[in-house]
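The next block is run-v3.tsv, given as TSV, C-alpha atoms.
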chain	number	residue	atom	x	y	z
A	12	MET	CA	0.00	0.00	0.00
A	13	ALA	CA	2.80	2.42	0.90
A	14	GLN	CA	4.50	1.70	-2.43
A	15	ARG	CA	1.27	2.43	-4.27
A	16	GLU	CA	0.69	5.71	-2.42
A	17	ALA	CA	4.27	6.83	-3.08
A	18	ALA	CA	3.87	6.08	-6.78
A	19	LEU	CA	0.61	8.04	-6.93
A	20	ARG	CA	2.28	11.02	-5.21
A	21	LEU	CA	5.04	10.92	-7.81
A	22	ASP	CA	2.45	10.75	-10.56
A	23	GLU	CA	0.68	13.81	-9.19
A	24	GLN	CA	4.00	15.67	-9.18
A	25	TRP	CA	4.69	14.60	-12.77
A	26	SER	CA	1.18	15.61	-13.86
A	27	ARG	CA	1.74	19.14	-12.57
A	28	ILE	CA	5.03	19.42	-14.46
A	29	ARG	CA	3.57	17.88	-17.59
A	30	SER	CA	0.64	20.32	-17.59
A	31	GLY	CA	2.87	23.34	-16.98
A	32	ALA	CA	1.48	24.00	-13.50
A	33	ALA	CA	4.96	23.36	-12.06
A	34	HIS	CA	8.40	23.92	-13.55
A	35	ALA	CA	11.31	21.50	-13.85
A	36	GLU	CA	14.51	21.58	-15.89
A	37	PRO	CA	14.81	18.99	-18.68
A	38	GLY	CA	17.18	16.82	-16.69
A	39	GLU	CA	14.89	16.85	-13.68
A	40	ARG	CA	11.89	15.99	-15.86
A	41	GLU	CA	13.77	13.04	-17.30
A	42	ARG	CA	14.81	11.83	-13.86
A	43	LEU	CA	11.32	12.18	-12.40
A	44	LEU	CA	9.65	10.35	-15.28
A	45	GLY	CA	12.10	7.45	-14.99
A	46	GLU	CA	11.60	7.29	-11.22
A	47	LEU	CA	7.81	7.36	-11.66
A	48	ILE	CA	7.82	4.54	-14.20
A	49	SER	CA	9.97	2.41	-11.91
A	50	ALA	CA	7.72	3.17	-8.92
A	51	LEU	CA	4.58	2.14	-10.81
A	52	ARG	CA	5.84	-1.21	-12.08
A	53	GLU	CA	5.27	-3.29	-8.93
A	54	PRO	CA	1.80	-1.98	-7.93
A	55	ALA	CA	0.72	-2.15	-11.59
A	56	ARG	CA	0.80	-5.94	-11.35
A	57	GLY	CA	-2.51	-6.06	-9.49
A	58	ASP	CA	-3.85	-2.52	-9.40
A	59	PRO	CA	-5.81	-1.24	-12.42
A	60	GLU	CA	-5.19	2.43	-11.64
A	61	CYS	CA	-1.44	1.94	-11.41
A	62	ALA	CA	-1.47	-0.22	-14.55
A	63	ALA	CA	-3.35	2.50	-16.42
A	64	LEU	CA	-0.98	5.19	-15.16
A	65	LEU	CA	2.05	3.10	-16.06
A	66	GLY	CA	0.71	2.74	-19.59
A	67	LEU	CA	0.14	6.49	-19.72
A	68	ARG	CA	3.62	7.37	-18.43
A	69	LEU	CA	5.36	4.93	-20.74
A	70	GLY	CA	3.44	6.78	-23.46
A	71	ASP	CA	4.95	10.03	-22.16
A	72	LEU	CA	8.38	8.44	-22.34
A	73	ALA	CA	7.66	7.30	-25.88
A	74	GLY	CA	6.68	10.83	-26.84
A	75	ARG	CA	9.94	12.23	-25.48
A	76	ARG	CA	11.95	9.59	-27.35
A	77	PHE	CA	10.09	10.26	-30.56
A	78	ALA	CA	10.71	14.01	-30.22
A	79	ASP	CA	14.42	13.21	-29.86
A	80	GLY	CA	14.38	11.22	-33.11
A	81	ASP	CA	14.43	7.78	-31.46
A	82	ARG	CA	11.44	6.20	-33.26
A	83	ALA	CA	12.48	2.63	-32.42
A	84	GLY	CA	12.87	3.50	-28.74
A	85	ALA	CA	9.54	5.31	-28.75
A	86	LEU	CA	7.74	2.34	-30.26
A	87	SER	CA	9.38	-0.02	-27.77
A	88	ALA	CA	8.25	2.10	-24.79
A	89	LEU	CA	4.78	2.47	-26.22
A	90	GLU	CA	4.45	-1.26	-26.87
A	91	GLU	CA	5.21	-1.94	-23.22
A	92	GLY	CA	2.83	0.80	-22.13
A	93	LEU	CA	0.01	-0.63	-24.21
A	94	ARG	CA	0.29	-3.99	-22.48
A	95	HIS	CA	-0.36	-2.32	-19.14
A	96	ALA	CA	-3.04	-0.03	-20.58
A	97	GLN	CA	-4.92	-2.98	-22.07
A	98	GLN	CA	-4.82	-4.74	-18.71
A	99	ALA	CA	-6.57	-1.74	-17.10
A	100	ALA	CA	-8.90	-0.73	-19.94
A	101	GLY	CA	-11.83	-2.90	-18.85
A	102	HIS	CA	-11.94	-1.41	-15.34
A	103	ASP	CA	-12.85	2.21	-16.14
A	104	PRO	CA	-13.93	4.18	-19.23
A	105	GLU	CA	-11.14	6.68	-18.61
A	106	TYR	CA	-8.56	3.89	-18.68
A	107	ALA	CA	-10.10	2.61	-21.91
A	108	ARG	CA	-9.75	6.07	-23.45
A	109	TRP	CA	-6.10	6.18	-22.40
A	110	TYR	CA	-5.58	2.79	-24.01
A	111	ALA	CA	-7.21	3.97	-27.25
A	112	ARG	CA	-5.06	7.08	-27.26
A	113	GLY	CA	-1.95	4.91	-26.95
A	114	LEU	CA	-3.08	2.77	-29.87
A	115	ILE	CA	-3.63	5.89	-31.99
A	116	ASN	CA	-0.15	7.18	-31.13
A	117	GLN	CA	1.33	3.81	-31.98
A	118	GLY	CA	-0.38	4.00	-35.37
A	119	VAL	CA	0.95	7.49	-36.03
A	120	TRP	CA	4.53	6.55	-35.18
A	121	LEU	CA	4.44	3.25	-37.05
A	122	ALA	CA	3.18	5.02	-40.17
A	123	TRP	CA	5.57	7.97	-39.91
A	124	PRO	CA	7.72	7.00	-42.96
A	125	LEU	CA	4.57	6.86	-45.10
A	126	SER	CA	3.90	10.60	-44.74
A	127	ASP	CA	5.86	13.70	-45.69
A	128	ALA	CA	6.80	16.70	-43.55
A	129	ASP	CA	3.24	18.06	-43.89
A	130	ARG	CA	1.82	14.68	-42.76
A	131	LEU	CA	0.39	14.01	-46.21
A	132	PRO	CA	0.72	10.51	-47.74
A	133	ARG	CA	3.91	9.90	-49.71
A	134	HIS	CA	2.24	7.13	-51.71
A	135	PRO	CA	-1.46	8.07	-51.87
A	136	LEU	CA	-2.25	5.96	-54.91
A	137	GLY	CA	-1.40	2.55	-53.49
A	138	ALA	CA	-0.74	-0.09	-56.12
A	139	ALA	CA	-1.37	2.41	-58.93
A	140	ALA	CA	1.59	4.60	-57.95
A	141	GLU	CA	4.86	4.43	-59.89
A	142	GLU	CA	6.79	4.23	-56.63
A	143	GLY	CA	5.38	2.70	-53.49
A	144	PRO	CA	6.56	2.12	-49.94
A	145	SER	CA	9.24	-0.43	-49.22
A	146	PRO	CA	8.05	-3.82	-47.92
A	147	MET	CA	9.13	-2.84	-44.42
A	148	GLU	CA	7.32	0.51	-44.59
A	149	ARG	CA	4.19	-1.13	-45.94
A	150	ALA	CA	4.23	-3.74	-43.18
A	151	ALA	CA	4.53	-0.96	-40.60
A	152	GLY	CA	1.68	0.92	-42.29
A	153	GLU	CA	-0.57	-2.13	-42.23
A	154	ARG	CA	0.25	-2.65	-38.55
A	155	ALA	CA	-0.56	1.03	-37.98
A	156	LEU	CA	-3.90	0.53	-39.67
A	157	ASP	CA	-4.67	-2.51	-37.49
A	158	VAL	CA	-3.93	-0.77	-34.18
A	159	THR	CA	-5.89	2.33	-35.22
A	160	ARG	CA	-8.88	0.13	-36.07
A	161	SER	CA	-8.49	-1.36	-32.59
A	162	ALA	CA	-8.63	2.14	-31.09
A	163	VAL	CA	-11.87	2.81	-32.97
A	164	ASP	CA	-13.30	-0.48	-31.69
A	165	VAL	CA	-12.34	0.34	-28.08
A	166	LEU	CA	-14.01	3.75	-28.20
A	167	ALA	CA	-17.05	2.43	-30.06
A	168	GLY	CA	-17.58	-0.01	-27.19
A	169	LEU	CA	-17.95	2.77	-24.59
A	170	ASP	CA	-21.13	4.64	-23.63
A	171	PRO	CA	-22.22	6.31	-26.90
A	172	HIS	CA	-24.14	9.02	-25.02
A	173	ASP	CA	-21.06	10.33	-23.22
A	174	PRO	CA	-19.75	13.41	-25.10
A	175	VAL	CA	-16.19	12.54	-24.12
A	176	ASN	CA	-16.54	9.15	-25.78
A	177	GLN	CA	-18.22	10.73	-28.81
A	178	ARG	CA	-15.31	13.14	-29.29
A	179	GLY	CA	-12.76	10.37	-28.83
A	180	LEU	CA	-14.46	8.14	-31.37
A	181	ALA	CA	-14.76	10.95	-33.91
A	182	GLN	CA	-11.08	11.76	-33.53
A	183	ALA	CA	-10.10	8.10	-33.85
A	184	LYS	CA	-12.02	7.92	-37.14
A	185	VAL	CA	-9.94	10.85	-38.44
A	186	PHE	CA	-6.75	8.98	-37.63
A	187	LEU	CA	-8.11	5.82	-39.24
A	188	GLY	CA	-8.78	7.80	-42.43
A	189	ASP	CA	-5.20	9.07	-42.37
A	190	ARG	CA	-3.78	5.56	-42.01
A	191	LEU	CA	-5.93	4.31	-44.90
A	192	ALA	CA	-4.82	7.19	-47.13
A	193	GLU	CA	-1.15	6.41	-46.46
A	194	LEU	CA	-1.66	2.89	-47.81
A	195	GLY	CA	-3.38	4.19	-50.94
A	196	LEU	CA	-6.88	3.14	-49.83
A	197	ALA	CA	-8.29	6.52	-50.79
A	198	GLU	CA	-11.95	5.54	-51.15
A	199	ASP	CA	-12.07	4.01	-47.67
A	200	ALA	CA	-10.14	7.01	-46.34
A	201	VAL	CA	-12.80	9.37	-47.71
A	202	ALA	CA	-15.59	7.27	-46.23
A	203	TRP	CA	-14.09	7.36	-42.73
A	204	ALA	CA	-13.31	11.08	-42.96
A	205	VAL	CA	-16.92	11.83	-43.95
A	206	ASP	CA	-18.15	9.70	-41.04
A	207	ALA	CA	-15.87	11.61	-38.65
A	208	GLU	CA	-16.98	14.95	-40.09
A	209	ARG	CA	-20.61	14.10	-39.35
A	210	ASP	CA	-19.70	13.15	-35.79
A	211	PHE	CA	-17.93	16.44	-35.14
A	212	ARG	CA	-20.80	18.47	-36.63
A	213	ARG	CA	-23.23	16.67	-34.32
A	214	LEU	CA	-21.00	17.51	-31.36
A	215	LEU	CA	-21.07	21.20	-32.28
A	216	GLN	CA	-24.86	21.13	-32.42
A	217	VAL	CA	-25.21	20.18	-28.74
A	218	GLY	CA	-23.47	23.31	-27.44
A	219	PRO	CA	-20.06	22.10	-26.23
A	220	GLY	CA	-17.80	24.20	-24.05
A	221	PRO	CA	-15.24	26.55	-25.63
A	222	ALA	CA	-12.38	24.05	-25.49
A	223	GLU	CA	-14.45	21.22	-26.94
A	224	ALA	CA	-15.89	23.50	-29.63
A	225	GLN	CA	-12.41	24.63	-30.67
A	226	GLU	CA	-11.24	21.03	-30.81
A	227	ALA	CA	-14.17	20.14	-33.06
A	228	GLU	CA	-13.57	23.15	-35.32
A	229	ASP	CA	-9.88	22.25	-35.67
A	230	ALA	CA	-10.78	18.67	-36.52
A	231	LEU	CA	-13.32	19.82	-39.12
A	232	ALA	CA	-10.73	22.07	-40.76
A	233	HIS	CA	-8.32	19.13	-40.97
A	234	ILE	CA	-11.00	16.84	-42.38
A	235	GLU	CA	-12.09	19.40	-44.97
A	236	ARG	CA	-8.54	19.74	-46.27
A	237	GLN	CA	-8.03	15.97	-46.31
A	238	LEU	CA	-11.27	15.35	-48.18
A	239	GLU	CA	-10.40	17.92	-50.85
A	240	LEU	CA	-7.04	16.22	-51.40
A	241	ARG	CA	-8.35	12.67	-51.32
A	242	LEU	CA	-11.05	13.38	-53.83
A	243	ARG	CA	-8.30	14.04	-56.36
A	244	PHE	CA	-6.98	10.50	-55.80
A	245	LEU	CA	-10.22	8.78	-56.81
A	246	ASP	CA	-11.31	7.37	-60.13
A	247	PHE	CA	-14.83	7.93	-61.36
A	248	GLU	CA	-16.10	4.55	-60.20
A	249	SER	CA	-15.00	5.35	-56.64
A	250	LEU	CA	-16.75	8.72	-56.76
A	251	VAL	CA	-19.92	7.02	-57.96
A	252	GLY	CA	-19.71	4.44	-55.18
A	253	LEU	CA	-19.26	7.08	-52.49
A	254	ARG	CA	-22.19	9.06	-53.86
A	255	ALA	CA	-24.40	5.97	-53.84
A	256	ASP	CA	-23.47	5.27	-50.21
A	257	GLY	CA	-24.21	8.83	-49.11
A	258	LEU	CA	-20.51	9.47	-48.40
A	259	LEU	CA	-19.91	12.33	-50.83
A	260	PRO	CA	-20.82	15.59	-49.05
A	261	GLU	CA	-22.83	18.12	-51.03
A	262	ARG	CA	-20.09	20.73	-50.78
A	263	LEU	CA	-17.67	18.36	-52.53
A	264	LEU	CA	-19.92	17.51	-55.46
A	265	PRO	CA	-18.53	20.32	-57.67
A	266	GLN	CA	-15.00	19.01	-57.14
A	267	ALA	CA	-16.18	15.47	-57.87
A	268	VAL	CA	-17.71	16.68	-61.14
A	269	LEU	CA	-14.47	18.44	-62.02
A	270	ALA	CA	-12.34	15.42	-61.10
A	271	ALA	CA	-14.41	13.17	-63.33
A	272	ARG	CA	-14.21	15.58	-66.27
A	273	ILE	CA	-10.44	15.94	-65.95
A	274	GLN	CA	-10.25	12.13	-66.19
A	275	GLY	CA	-12.16	12.31	-69.47
A	276	VAL	CA	-15.63	11.25	-68.33
A	277	GLU	CA	-18.38	12.71	-70.49
A	278	PRO	CA	-20.78	15.19	-68.80
A	279	GLU	CA	-23.82	12.97	-69.37
A	280	ARG	CA	-22.13	10.04	-67.67
A	281	ILE	CA	-21.01	12.29	-64.80
A	282	ALA	CA	-24.58	13.43	-64.26
A	283	ALA	CA	-25.91	9.88	-64.25
A	284	GLY	CA	-23.18	8.47	-62.02
A	285	LEU	CA	-23.31	11.27	-59.44
A	286	ARG	CA	-27.12	11.56	-59.58
A	287	LEU	CA	-27.10	15.18	-60.70
A	288	ASP	CA	-29.10	17.11	-63.26
A	289	ASP	CA	-27.41	17.59	-66.62
A	290	ASP	CA	-27.81	21.35	-66.24
A	291	ARG	CA	-26.04	21.35	-62.88
A	292	VAL	CA	-23.10	19.42	-64.29
A	293	ALA	CA	-22.90	21.79	-67.26
A	294	GLU	CA	-23.04	24.84	-64.99
A	295	THR	CA	-20.35	23.42	-62.71
A	296	LEU	CA	-18.00	22.63	-65.58
A	297	GLY	CA	-18.58	26.06	-67.12
A	298	ALA	CA	-17.96	27.92	-63.88
A	299	LEU	CA	-15.23	25.88	-62.18
A	300	PRO	CA	-11.78	26.10	-63.80
A	301	TRP	CA	-8.91	23.81	-62.90
A	302	LEU	CA	-5.21	24.55	-62.87
A	303	ALA	CA	-3.37	22.50	-65.47
A	304	VAL	CA	0.35	22.28	-64.74
A	305	TRP	CA	2.59	20.84	-67.43
A	306	ARG	CA	6.21	20.01	-68.01
A	307	PHE	CA	8.14	18.80	-71.06
A	308	ASP	CA	11.40	16.89	-70.56
A	309	VAL	CA	13.91	16.00	-73.25
A	310	ARG	CA	16.53	13.31	-72.72
A	311	GLY	CA	20.03	14.52	-73.40
A	312	PRO	CA	23.01	12.57	-74.79
A	313	ASP	CA	24.02	11.74	-71.21
A	314	GLY	CA	20.71	9.97	-70.65
A	315	LEU	CA	19.42	12.56	-68.20
A	316	TRP	CA	16.03	14.24	-68.56
A	317	ASN	CA	16.24	18.01	-69.03
A	318	VAL	CA	13.26	20.18	-68.10
A	319	GLN	CA	12.31	22.57	-70.89
A	320	GLY	CA	11.82	26.27	-70.25
A	321	HIS	CA	8.76	28.47	-70.70
A	322	PRO	CA	6.22	27.88	-72.21
A	323	TRP	CA	6.85	24.14	-71.99
A	324	HIS	CA	7.09	24.27	-68.22
A	325	ASN	CA	4.11	26.30	-67.17
A	326	ALA	CA	0.56	26.34	-65.82
A	327	ALA	CA	-2.79	27.82	-66.80
A	328	GLU	CA	-6.40	27.68	-65.68
A	329	VAL	CA	-8.64	25.80	-68.09
A	330	THR	CA	-12.39	25.30	-68.09
A	331	ASN	CA	-14.39	22.23	-69.13
A	332	ARG	CA	-11.40	20.47	-70.65
A	333	THR	CA	-9.94	17.07	-69.94
A	334	ALA	CA	-6.28	16.51	-69.15
A	335	GLU	CA	-5.90	14.68	-72.44
A	336	GLU	CA	-7.33	17.62	-74.38
A	337	VAL	CA	-4.89	19.98	-72.71
A	338	ALA	CA	-2.01	17.60	-73.44
A	339	THR	CA	-3.07	17.23	-77.07
A	340	ASP	CA	-2.85	20.98	-77.68
A	341	LEU	CA	0.49	21.16	-75.90
A	342	PHE	CA	1.81	18.20	-77.90
A	343	ARG	CA	0.86	19.86	-81.16
A	344	GLY	CA	2.38	23.18	-80.14
A	345	PHE	CA	5.64	21.60	-79.04
A	346	THR	CA	6.16	19.57	-82.19
A	347	GLU	CA	5.61	22.71	-84.29
A	348	SER	CA	7.94	24.89	-82.21
A	349	PRO	CA	11.69	25.64	-82.59
A	350	ASP	CA	12.22	23.76	-79.29
A	351	TYR	CA	11.14	20.43	-80.78
A	352	PRO	CA	14.19	18.09	-80.57
A	353	GLY	CA	13.33	16.19	-83.75
A	354	PRO	CA	12.03	12.69	-84.55
A	355	GLY	CA	15.12	10.93	-83.22
A	356	ALA	CA	14.85	12.26	-79.66
A	357	HIS	CA	13.32	10.92	-76.47
A	358	TRP	CA	10.95	13.37	-74.81
A	359	ARG	CA	7.91	13.36	-72.59
A	360	ILE	CA	5.03	15.51	-71.42
A	361	ARG	CA	3.14	15.38	-68.15
A	362	VAL	CA	0.02	17.25	-67.14
A	363	TRP	CA	-0.89	17.61	-63.47
A	364	TRP	CA	-3.98	18.87	-61.76
A	365	GLN	CA	-3.10	21.83	-59.56
A	366	GLU	CA	0.39	20.90	-58.37
A	367	GLU	CA	3.43	19.65	-60.24
A	368	GLY	CA	4.76	16.39	-58.94
A	369	ASP	CA	1.61	15.55	-57.02
A	370	PRO	CA	0.91	11.91	-57.88
A	371	ALA	CA	-2.81	12.50	-57.41
A	372	GLY	CA	-2.72	15.20	-60.05
A	373	ALA	CA	-0.64	13.42	-62.69
A	374	ARG	CA	-3.61	13.05	-65.00
A	375	PHE	CA	-1.79	12.51	-68.26
A	376	ARG	CA	1.57	11.21	-69.38
A	377	LEU	CA	2.96	10.83	-72.85
A	378	MET	CA	6.45	9.56	-73.60
A	379	ILE	CA	7.93	9.72	-77.08
A	380	ALA	CA	10.82	7.51	-78.18
A	381	PRO	CA	12.31	7.02	-81.66
A	382	GLU	CA	10.96	3.48	-81.81
A	383	THR	CA	7.48	4.51	-80.53
A	384	PRO	CA	4.76	6.00	-82.77
A	385	SER	CA	4.60	9.68	-81.83
A	386	ASP	CA	0.85	9.64	-81.44
A	387	ALA	CA	0.63	6.68	-79.03
A	388	PRO	CA	0.28	7.64	-75.35
A	389	ASP	CA	2.04	5.60	-72.73
A	390	THR	CA	0.32	4.22	-69.63
A	391	PRO	CA	-1.27	6.99	-67.55
A	392	ASP	CA	0.82	8.16	-64.64
A	393	GLY	CA	-0.70	6.40	-61.67
A	394	THR	CA	-4.19	7.89	-62.04
A	395	PRO	CA	-6.79	7.71	-64.78
A	396	SER	CA	-6.10	9.93	-67.78

Take the structure in the file and write it out as structure tokens.
Amino acid sequence: MAQREAALRLDEQWSRIRSGAAHAEPGERERLLGELISALREPARGDPECAALLGLRLGDLAGRRFADGDRAGALSALEEGLRHAQQAAGHDPEYARWYARGLINQGVWLAWPLSDADRLPRHPLGAAAEEGPSPMERAAGERALDVTRSAVDVLAGLDPHDPVNQRGLAQAKVFLGDRLAELGLAEDAVAWAVDAERDFRRLLQVGPGPAEAQEAEDALAHIERQLELRLRFLDFESLVGLRADGLLPERLLPQAVLAARIQGVEPERIAAGLRLDDDRVAETLGALPWLAVWRFDVRGPDGLWNVQGHPWHNAAEVTNRTAEEVATDLFRGFTESPDYPGPGAHWRIRVWWQEEGDPAGARFRLMIAPETPSDAPDTPDGTPS
């Protein structure tokens, strides 16, 4: 009993430092956290509160290690913490929420190599991408997806009328969408993000406190940005499926129409597939331009690709045109220009939607080689052309 009480006093001291209510130098913080973890180990064997706290504090240790660049050490500490957290999760809803939070963090850190510095997927197109994750990265990403699904399941099993549980579940769905997007499962990622968005909007409708309202608003801003990006990763069949399942929000329908047209889908088929009036599709396509970004590369004698200058490396807004139509005009202009390298050269053209180099926007690719007919397009670059 005395050992338990001493550990709880240490945890209270650490909580004050962690929250900023008390100050400690970095070395002192490190020492106190290590002492606290050691003090909790023995009582955690049979005491749910101590087991839950040990899981939480090993998570704190993992966070410090991750901040220092020690991802392997962070994952090791978190793995140990999750074993204790799982042991305690069935004894109290708060302990279950702590366990779910640990699972979410584990998913984030496992999947870290699959995202860039802005936490956007490096390989958002999955098997359709030219370059995908390494086998080790993919295995880590799939493990990240599994543990994040587990977090969703834990929170879904708690009292659904408790606003704290509602917020936790909505946030876990956001993370699940992120993990799916990193593995190239864009359609599923959109579905979970839309589900989470609905949850957060419902939370705002019941008059939450200022802190909870701000949390929901921040989450909605993140989801909105993610949905706009992920919609650009989807082929027309995926857009149609989401619309049929009620998972394509009204505000995103104009972008869905535009995405389909860029891919080359005819307006009548867009209207039928997305369940829209022909007039609405026509109005959307006439009013909503898209930014076509293009680049021509010519292979030099050394075998390296050389980017061509203006106007063959440029961008322009276009309206109601497919990527292939844009590329066709550019192709014709290039072959009739003084910059054309001649029939014996290797050269290529790429057209992106909105951002050069974005694999989701690489809507058209054409590579010309001396042994290839100059009017035969190569395989589209990872997304439908």

- Message: Could you tell me how far atom CA of A:Ala96 sits from atom CA of A:Ala63, in Å to one decimal place?
- Response: 4.9 Å

- Could you pull the residues within 10 Å of A:Gln237, counting all atoms listed in the file, minus those fewer than 2 positions along the same chain, as a PyMOL selection string? chain A and resi 131+185+188-189+192+200-201+204+231-235+239-242

- Query: How many Å lie between atom CA of A:Leu299 and atom CA of A:Glu336, rounded to one decimal?
  - Reply: 16.7 Å

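If you look at atom CA of A:Arg236 and atom CA of A:Gln274, they are 21.4 Å away from each other.
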
The residues within 12 Å of (-4.6, 6.8, -31.0), using only C-alpha atoms and the coordinates of the file, should be reported as an mmCIF file with C-alpha atoms, in the coordinates of the input; which are they?
data_model
loop_
_atom_site.group_PDB
_atom_site.id
_atom_site.type_symbol
_atom_site.label_atom_id
_atom_site.label_comp_id
_atom_site.auth_asym_id
_atom_site.auth_seq_id
_atom_site.Cartn_x
_atom_site.Cartn_y
_atom_site.Cartn_z
ATOM 1 C CA GLY A 70 3.440 6.780 -23.460
ATOM 2 C CA LEU A 89 4.780 2.470 -26.220
ATOM 3 C CA LEU A 93 0.010 -0.630 -24.210
ATOM 4 C CA ALA A 107 -10.100 2.610 -21.910
ATOM 5 C CA ARG A 108 -9.750 6.070 -23.450
ATOM 6 C CA TRP A 109 -6.100 6.180 -22.400
ATOM 7 C CA TYR A 110 -5.580 2.790 -24.010
ATOM 8 C CA ALA A 111 -7.210 3.970 -27.250
ATOM 9 C CA ARG A 112 -5.060 7.080 -27.260
ATOM 10 C CA GLY A 113 -1.950 4.910 -26.950
ATOM 11 C CA LEU A 114 -3.080 2.770 -29.870
ATOM 12 C CA ILE A 115 -3.630 5.890 -31.990
ATOM 13 C CA ASN A 116 -0.150 7.180 -31.130
ATOM 14 C CA GLN A 117 1.330 3.810 -31.980
ATOM 15 C CA GLY A 118 -0.380 4.000 -35.370
ATOM 16 C CA VAL A 119 0.950 7.490 -36.030
ATOM 17 C CA TRP A 120 4.530 6.550 -35.180
ATOM 18 C CA LEU A 121 4.440 3.250 -37.050
ATOM 19 C CA ALA A 155 -0.560 1.030 -37.980
ATOM 20 C CA LEU A 156 -3.900 0.530 -39.670
ATOM 21 C CA ASP A 157 -4.670 -2.510 -37.490
ATOM 22 C CA VAL A 158 -3.930 -0.770 -34.180
ATOM 23 C CA THR A 159 -5.890 2.330 -35.220
ATOM 24 C CA ARG A 160 -8.880 0.130 -36.070
ATOM 25 C CA SER A 161 -8.490 -1.360 -32.590
ATOM 26 C CA ALA A 162 -8.630 2.140 -31.090
ATOM 27 C CA VAL A 163 -11.870 2.810 -32.970
ATOM 28 C CA ASP A 164 -13.300 -0.480 -31.690
ATOM 29 C CA VAL A 165 -12.340 0.340 -28.080
ATOM 30 C CA LEU A 166 -14.010 3.750 -28.200
ATOM 31 C CA GLY A 179 -12.760 10.370 -28.830
ATOM 32 C CA LEU A 180 -14.460 8.140 -31.370
ATOM 33 C CA ALA A 181 -14.760 10.950 -33.910
ATOM 34 C CA GLN A 182 -11.080 11.760 -33.530
ATOM 35 C CA ALA A 183 -10.100 8.100 -33.850
ATOM 36 C CA LYS A 184 -12.020 7.920 -37.140
ATOM 37 C CA VAL A 185 -9.940 10.850 -38.440
ATOM 38 C CA PHE A 186 -6.750 8.980 -37.630
ATOM 39 C CA LEU A 187 -8.110 5.820 -39.240
ATOM 40 C CA ASP A 189 -5.200 9.070 -42.370
ATOM 41 C CA ARG A 190 -3.780 5.560 -42.010
#

- Item | Close residues, A:Ala267 itself excluded, 9 Å, all atoms listed in the file, min 4 positions apart in chain, as an NGL selection string | :A and (242-243 or 247 or 250 or 259 or 263 or 271-272 or 285)

- Considering only C-alpha atoms, return as a ChimeraX atom specification whatever protein or nucleic-acid residues lie within 10 Å of A:Asn325, sequence-local ones (same chain, fewer than 5 positions apart) excluded. /A:303-307,319-320,362,367

Write the selection just made, keeping C-alpha atoms, as a short mmCIF file (atom, residue, chain, number, x, y, z; two decimals), in the frame of the given file?
data_model
loop_
_atom_site.label_atom_id
_atom_site.label_comp_id
_atom_site.auth_asym_id
_atom_site.auth_seq_id
_atom_site.Cartn_x
_atom_site.Cartn_y
_atom_site.Cartn_z
CA ALA A 303 -3.37 22.50 -65.47
CA VAL A 304 0.35 22.28 -64.74
CA TRP A 305 2.59 20.84 -67.43
CA ARG A 306 6.21 20.01 -68.01
CA PHE A 307 8.14 18.80 -71.06
CA GLN A 319 12.31 22.57 -70.89
CA GLY A 320 11.82 26.27 -70.25
CA VAL A 362 0.02 17.25 -67.14
CA GLU A 367 3.43 19.65 -60.24
#

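Ranking A:Glu261, A:Gln14, A:Ser30, A:Arg75 by their shortest atom-to-atom distance to A:Leu47, with only C-alpha atoms included, puts A:Gln14 first.
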
Taking all atoms of stretch 314-330 of chain A that the file lists and extending 8 Å past them on each side, where is the centre of the axis-aligned box and how long are its edges? Answer in Å to one decimal, as AutoDock Vina command-line options.
--center_x 4.2 --center_y 19.2 --center_z -68.9 --size_x 49.1 --size_y 34.5 --size_z 22.5

Would you mind putting back N, CA, C and O atoms on stretch 61-67 of chain A, then writing it out as a compact mmCIF listing (two decimals), in the coordinates of the input?
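selection_10.txt, written as the output of this step:
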# COMPACT_ATOMS: atom_id res chain seq x y z
N CYS A 61 -2.89 1.85 -11.19
CA CYS A 61 -1.44 1.94 -11.41
C CYS A 61 -1.06 1.38 -12.78
O CYS A 61 -0.15 1.91 -13.44
N ALA A 62 -1.75 0.32 -13.22
CA ALA A 62 -1.47 -0.22 -14.55
C ALA A 62 -1.81 0.80 -15.63
O ALA A 62 -1.06 0.99 -16.60
N ALA A 63 -2.95 1.48 -15.45
CA ALA A 63 -3.35 2.50 -16.42
C ALA A 63 -2.36 3.66 -16.43
O ALA A 63 -1.98 4.17 -17.49
N LEU A 64 -1.94 4.08 -15.24
CA LEU A 64 -0.98 5.19 -15.16
C LEU A 64 0.37 4.79 -15.73
O LEU A 64 1.04 5.59 -16.39
N LEU A 65 0.77 3.54 -15.50
CA LEU A 65 2.05 3.10 -16.06
C LEU A 65 1.99 3.11 -17.59
O LEU A 65 2.94 3.54 -18.25
N GLY A 66 0.86 2.65 -18.14
CA GLY A 66 0.71 2.74 -19.59
C GLY A 66 0.78 4.17 -20.08
O GLY A 66 1.41 4.47 -21.10
N LEU A 67 0.15 5.08 -19.34
CA LEU A 67 0.14 6.49 -19.72
C LEU A 67 1.55 7.08 -19.66
O LEU A 67 1.97 7.81 -20.56
